[in-house]
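Contents: one structure, followed by commentary.
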Amino acid sequence: MPFEFIIFARKSLILLFSHINQTLYYVADELKKELFPKVLGAMKLNSKGMVGGLIALQCMANTTVQQQLSKFVSLYSESVGPLIDVGNIIVDSVLNDLAALGLMDGNTPQAEAALAKVISQ
Amino acid sequence: MLRLETLRVWTETIRNFIVKLNEKKSSLLEKVISKENLVLIFTKSLCIYLNTKLQIQNCFISTSGFKRLDNLMNEIKIKVMKCLNLIVNFIFESKGEINITTSKFYVLLPTILPLMIVTLINFCKSPSLDLNEALNVISFLLLNSPSIRILRMRLSSPRYLF
């Protein structure tokens with residue numbers, strides 16, 4: 001259910017931005033400008049908030065039209081730094097989780113539960 | 001706690017940027033290759049695996065035996081590989097036009113590429129998995145395809161019997 005919600009929320013955001021893009025560029029830009037700091041803030045939260053921030057960032061990138069090349073480049077330039085920081089944290093956490101899991105006996109219920117935790121959020 | 005799903009979405013986000021930068025104007029990938037830490041995260045992502053008896057050693061492909069984990073990790077790794085392919089392609093195409101020798105992506109290529117070859121060799125050599133199944137090859141079609149039939153006929157003819 002939560003995943004379905006995320007899919008629909010993502011579709012709604014893309015629809016909203018695309019629709020505004022077709023009619024009024026500046027409204028979409030204003031919305032994105034307002035949202036961007038919140039998106040960056042969300043990426044620093046726990047994994048669920050982080051996923052939300054990342055999906056919103058994808059929506060912003062996907063709805064930047066061809067004519068707005070400079071805006072797309074600036075969106076990339078402003079978000080790549082925080083993205084790399086977040087990526088480092090995620091990869092290190094996954095490596096730690098899997099290292100701990102590797103020490104467990106694979107057939108035990110504890111290992112199964114730990115594995116489910118590593119996969120899901 | 002941060003999980004693999006988050007890493008999948010992160011990889012998707014980065015790939016989205018790289019693909020779009022390449023589509024809009026390929027020279028924009030210069031902005032990607034200048035990011036040193038990005039290639040380190042990519043390399044670390046490729047090296048993520050769960051150490052089990054089924055995991056093939058020195059192999060980027062996850063074969064831990066936990067299907068859900070393997071699928072998710074391999075999906076992440078495929079996305080990383082797609083990013084690397086685009087970047088490597090850009091590096092080779094723009095050689096001479098821009099200074100790529102200082103880029104970490106270029107510097108690490110001689111390290112990453114041999115590991116990819118070792119991955120392929122070790123994966124194909126592994127006795128623990130059915131290669132046909134792993135590569136989604138349907139044996140029936142393979143054995144009955146016209147080219148294979150011709151090859152079998154030729155092999156059974158006297159001049160090939162030595």
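In the structure tokens, each chain is lettered A, B, ... as it comes, each chain's residues begin at 1, and ligands are numbered from 1 in order of appearance.
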Output as a tab-separated table one row per residue of chain B within 9 Å of chain A: the closest atom pair and its distance in Å to one decimal place, counting only C-alpha atoms, sorted by chain and residue number ascending.
residue	atom	partner	partner_atom	distance
B:Met1	CA	A:Ser47	CA	6.2
B:Leu2	CA	A:Ser47	CA	4.9
B:Arg3	CA	A:Val118	CA	5.2
B:Leu4	CA	A:Ile119	CA	5.2
B:Glu5	CA	A:Ile119	CA	6.2
B:Thr6	CA	A:Val51	CA	5.8
B:Leu7	CA	A:Ile90	CA	6.1
B:Val9	CA	A:Val51	CA	6.5
B:Trp10	CA	A:Leu54	CA	6.5
B:Thr11	CA	A:Gly87	CA	8.3
B:Glu12	CA	A:Gln58	CA	8.4
B:Thr13	CA	A:Gln58	CA	5.8
B:Ile14	CA	A:Leu83	CA	7.9
B:Asn16	CA	A:Gln58	CA	7.1
B:Phe17	CA	A:Tyr76	CA	7.0
B:Lys20	CA	A:Asn62	CA	8.3
B:Leu21	CA	A:Val73	CA	7.8
B:Lys24	CA	A:Gln66	CA	7.0
B:Lys25	CA	A:Leu69	CA	8.8
B:Leu28	CA	A:Val73	CA	8.2
B:Lys31	CA	A:Ser77	CA	8.1
B:Val32	CA	A:Val80	CA	8.8
B:Lys35	CA	A:Val80	CA	8.7
B:Asn37	CA	A:Ile84	CA	6.9
B:Leu38	CA	A:Ile84	CA	6.3
B:Leu40	CA	A:Asn88	CA	8.8
B:Ile41	CA	A:Asn88	CA	6.2
B:Lys44	CA	A:Val91	CA	7.1
B:Ser45	CA	A:Val91	CA	6.6
B:Ile48	CA	A:Leu95	CA	6.4
B:Tyr49	CA	A:Leu98	CA	7.3
B:Leu50	CA	A:Leu98	CA	5.8
B:Asn51	CA	A:Gly102	CA	5.3
B:Thr52	CA	A:Gly102	CA	6.8
B:Phe66	CA	A:Leu115	CA	8.8
B:Arg68	CA	A:Ile119	CA	8.0
B:Leu69	CA	A:Ile119	CA	6.6
B:Leu72	CA	A:Ile119	CA	7.9
Export of the given selection (C-alpha atoms) as a PDB file, in the first residue's frame:
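Below you can see result31.pdb, which holds the result:
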ATOM      1  CA  MET B   1      17.921   2.664   9.290  1.00  0.00           C
ATOM      2  CA  LEU B   2      19.032   2.944   5.706  1.00  0.00           C
ATOM      3  CA  ARG B   3      18.279   0.044   3.451  1.00  0.00           C
ATOM      4  CA  LEU B   4      18.870  -1.412   0.024  1.00  0.00           C
ATOM      5  CA  GLU B   5      15.621   0.048  -1.326  1.00  0.00           C
ATOM      6  CA  THR B   6      16.957   3.513  -0.572  1.00  0.00           C
ATOM      7  CA  LEU B   7      20.150   2.692  -2.443  1.00  0.00           C
ATOM      8  CA  VAL B   9      16.156   4.845  -5.507  1.00  0.00           C
ATOM      9  CA  TRP B  10      19.426   6.779  -5.086  1.00  0.00           C
ATOM     10  CA  THR B  11      21.010   4.926  -8.023  1.00  0.00           C
ATOM     11  CA  GLU B  12      17.884   5.554 -10.090  1.00  0.00           C
ATOM     12  CA  THR B  13      18.088   9.293  -9.308  1.00  0.00           C
ATOM     13  CA  ILE B  14      21.754   9.561 -10.293  1.00  0.00           C
ATOM     14  CA  ASN B  16      18.238   9.739 -14.329  1.00  0.00           C
ATOM     15  CA  PHE B  17      20.504  12.800 -14.160  1.00  0.00           C
ATOM     16  CA  LYS B  20      19.244  13.264 -19.194  1.00  0.00           C
ATOM     17  CA  LEU B  21      22.519  15.219 -19.234  1.00  0.00           C
ATOM     18  CA  LYS B  24      20.334  17.049 -23.690  1.00  0.00           C
ATOM     19  CA  LYS B  25      23.975  17.684 -24.590  1.00  0.00           C
ATOM     20  CA  LEU B  28      27.491  18.042 -20.130  1.00  0.00           C
ATOM     21  CA  LYS B  31      30.169  17.833 -15.073  1.00  0.00           C
ATOM     22  CA  VAL B  32      29.704  14.214 -13.965  1.00  0.00           C
ATOM     23  CA  LYS B  35      32.860  14.390  -9.384  1.00  0.00           C
ATOM     24  CA  ASN B  37      33.379  10.717  -5.053  1.00  0.00           C
ATOM     25  CA  LEU B  38      30.720   9.505  -7.444  1.00  0.00           C
ATOM     26  CA  LEU B  40      33.964   5.695  -5.531  1.00  0.00           C
ATOM     27  CA  ILE B  41      30.304   5.191  -4.587  1.00  0.00           C
ATOM     28  CA  LYS B  44      31.567   0.419  -3.636  1.00  0.00           C
ATOM     29  CA  SER B  45      28.036  -0.377  -4.871  1.00  0.00           C
ATOM     30  CA  ILE B  48      28.335  -4.984  -2.198  1.00  0.00           C
ATOM     31  CA  TYR B  49      27.498  -8.634  -1.613  1.00  0.00           C
ATOM     32  CA  LEU B  50      26.294 -10.917   1.143  1.00  0.00           C
ATOM     33  CA  ASN B  51      28.928 -13.466   2.070  1.00  0.00           C
ATOM     34  CA  THR B  52      27.204 -16.839   1.854  1.00  0.00           C
ATOM     35  CA  PHE B  66      18.407 -15.073  -1.093  1.00  0.00           C
ATOM     36  CA  ARG B  68      14.864 -11.040  -3.159  1.00  0.00           C
ATOM     37  CA  LEU B  69      18.206  -9.700  -1.985  1.00  0.00           C
ATOM     38  CA  LEU B  72      17.491  -6.023  -5.637  1.00  0.00           C
TER      39      LEU B  72
END
Expressed in Å to a single decimal, how great is the separation between atom CA of B:Ser128 and atom CA of B:Gln55? 9.3 Å
Going by DSSP on the backbone, which bits of chain B are helix (DSSP H, G or I)? Write them as a ChimeraX atom specification, please. /B:4-24,26-33,36-46,67-93,104-125,131-134,139-144,146-156,158-160
Between atom CA of B:Asn85 and atom CA of B:Asn122, distance in Å (one decimal): 21.0 Å
How far is it from atom CA of B:Asn132 to atom CA of B:Cys59, in Å with one decimal?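 These atoms are spaced 18.1 Å apart.
Nearest residue to B:Val118, choosing from B:Ser27, B:Asn99, B:Asn58, B:Asn89 and counting only C-alpha atoms: B:Asn58.
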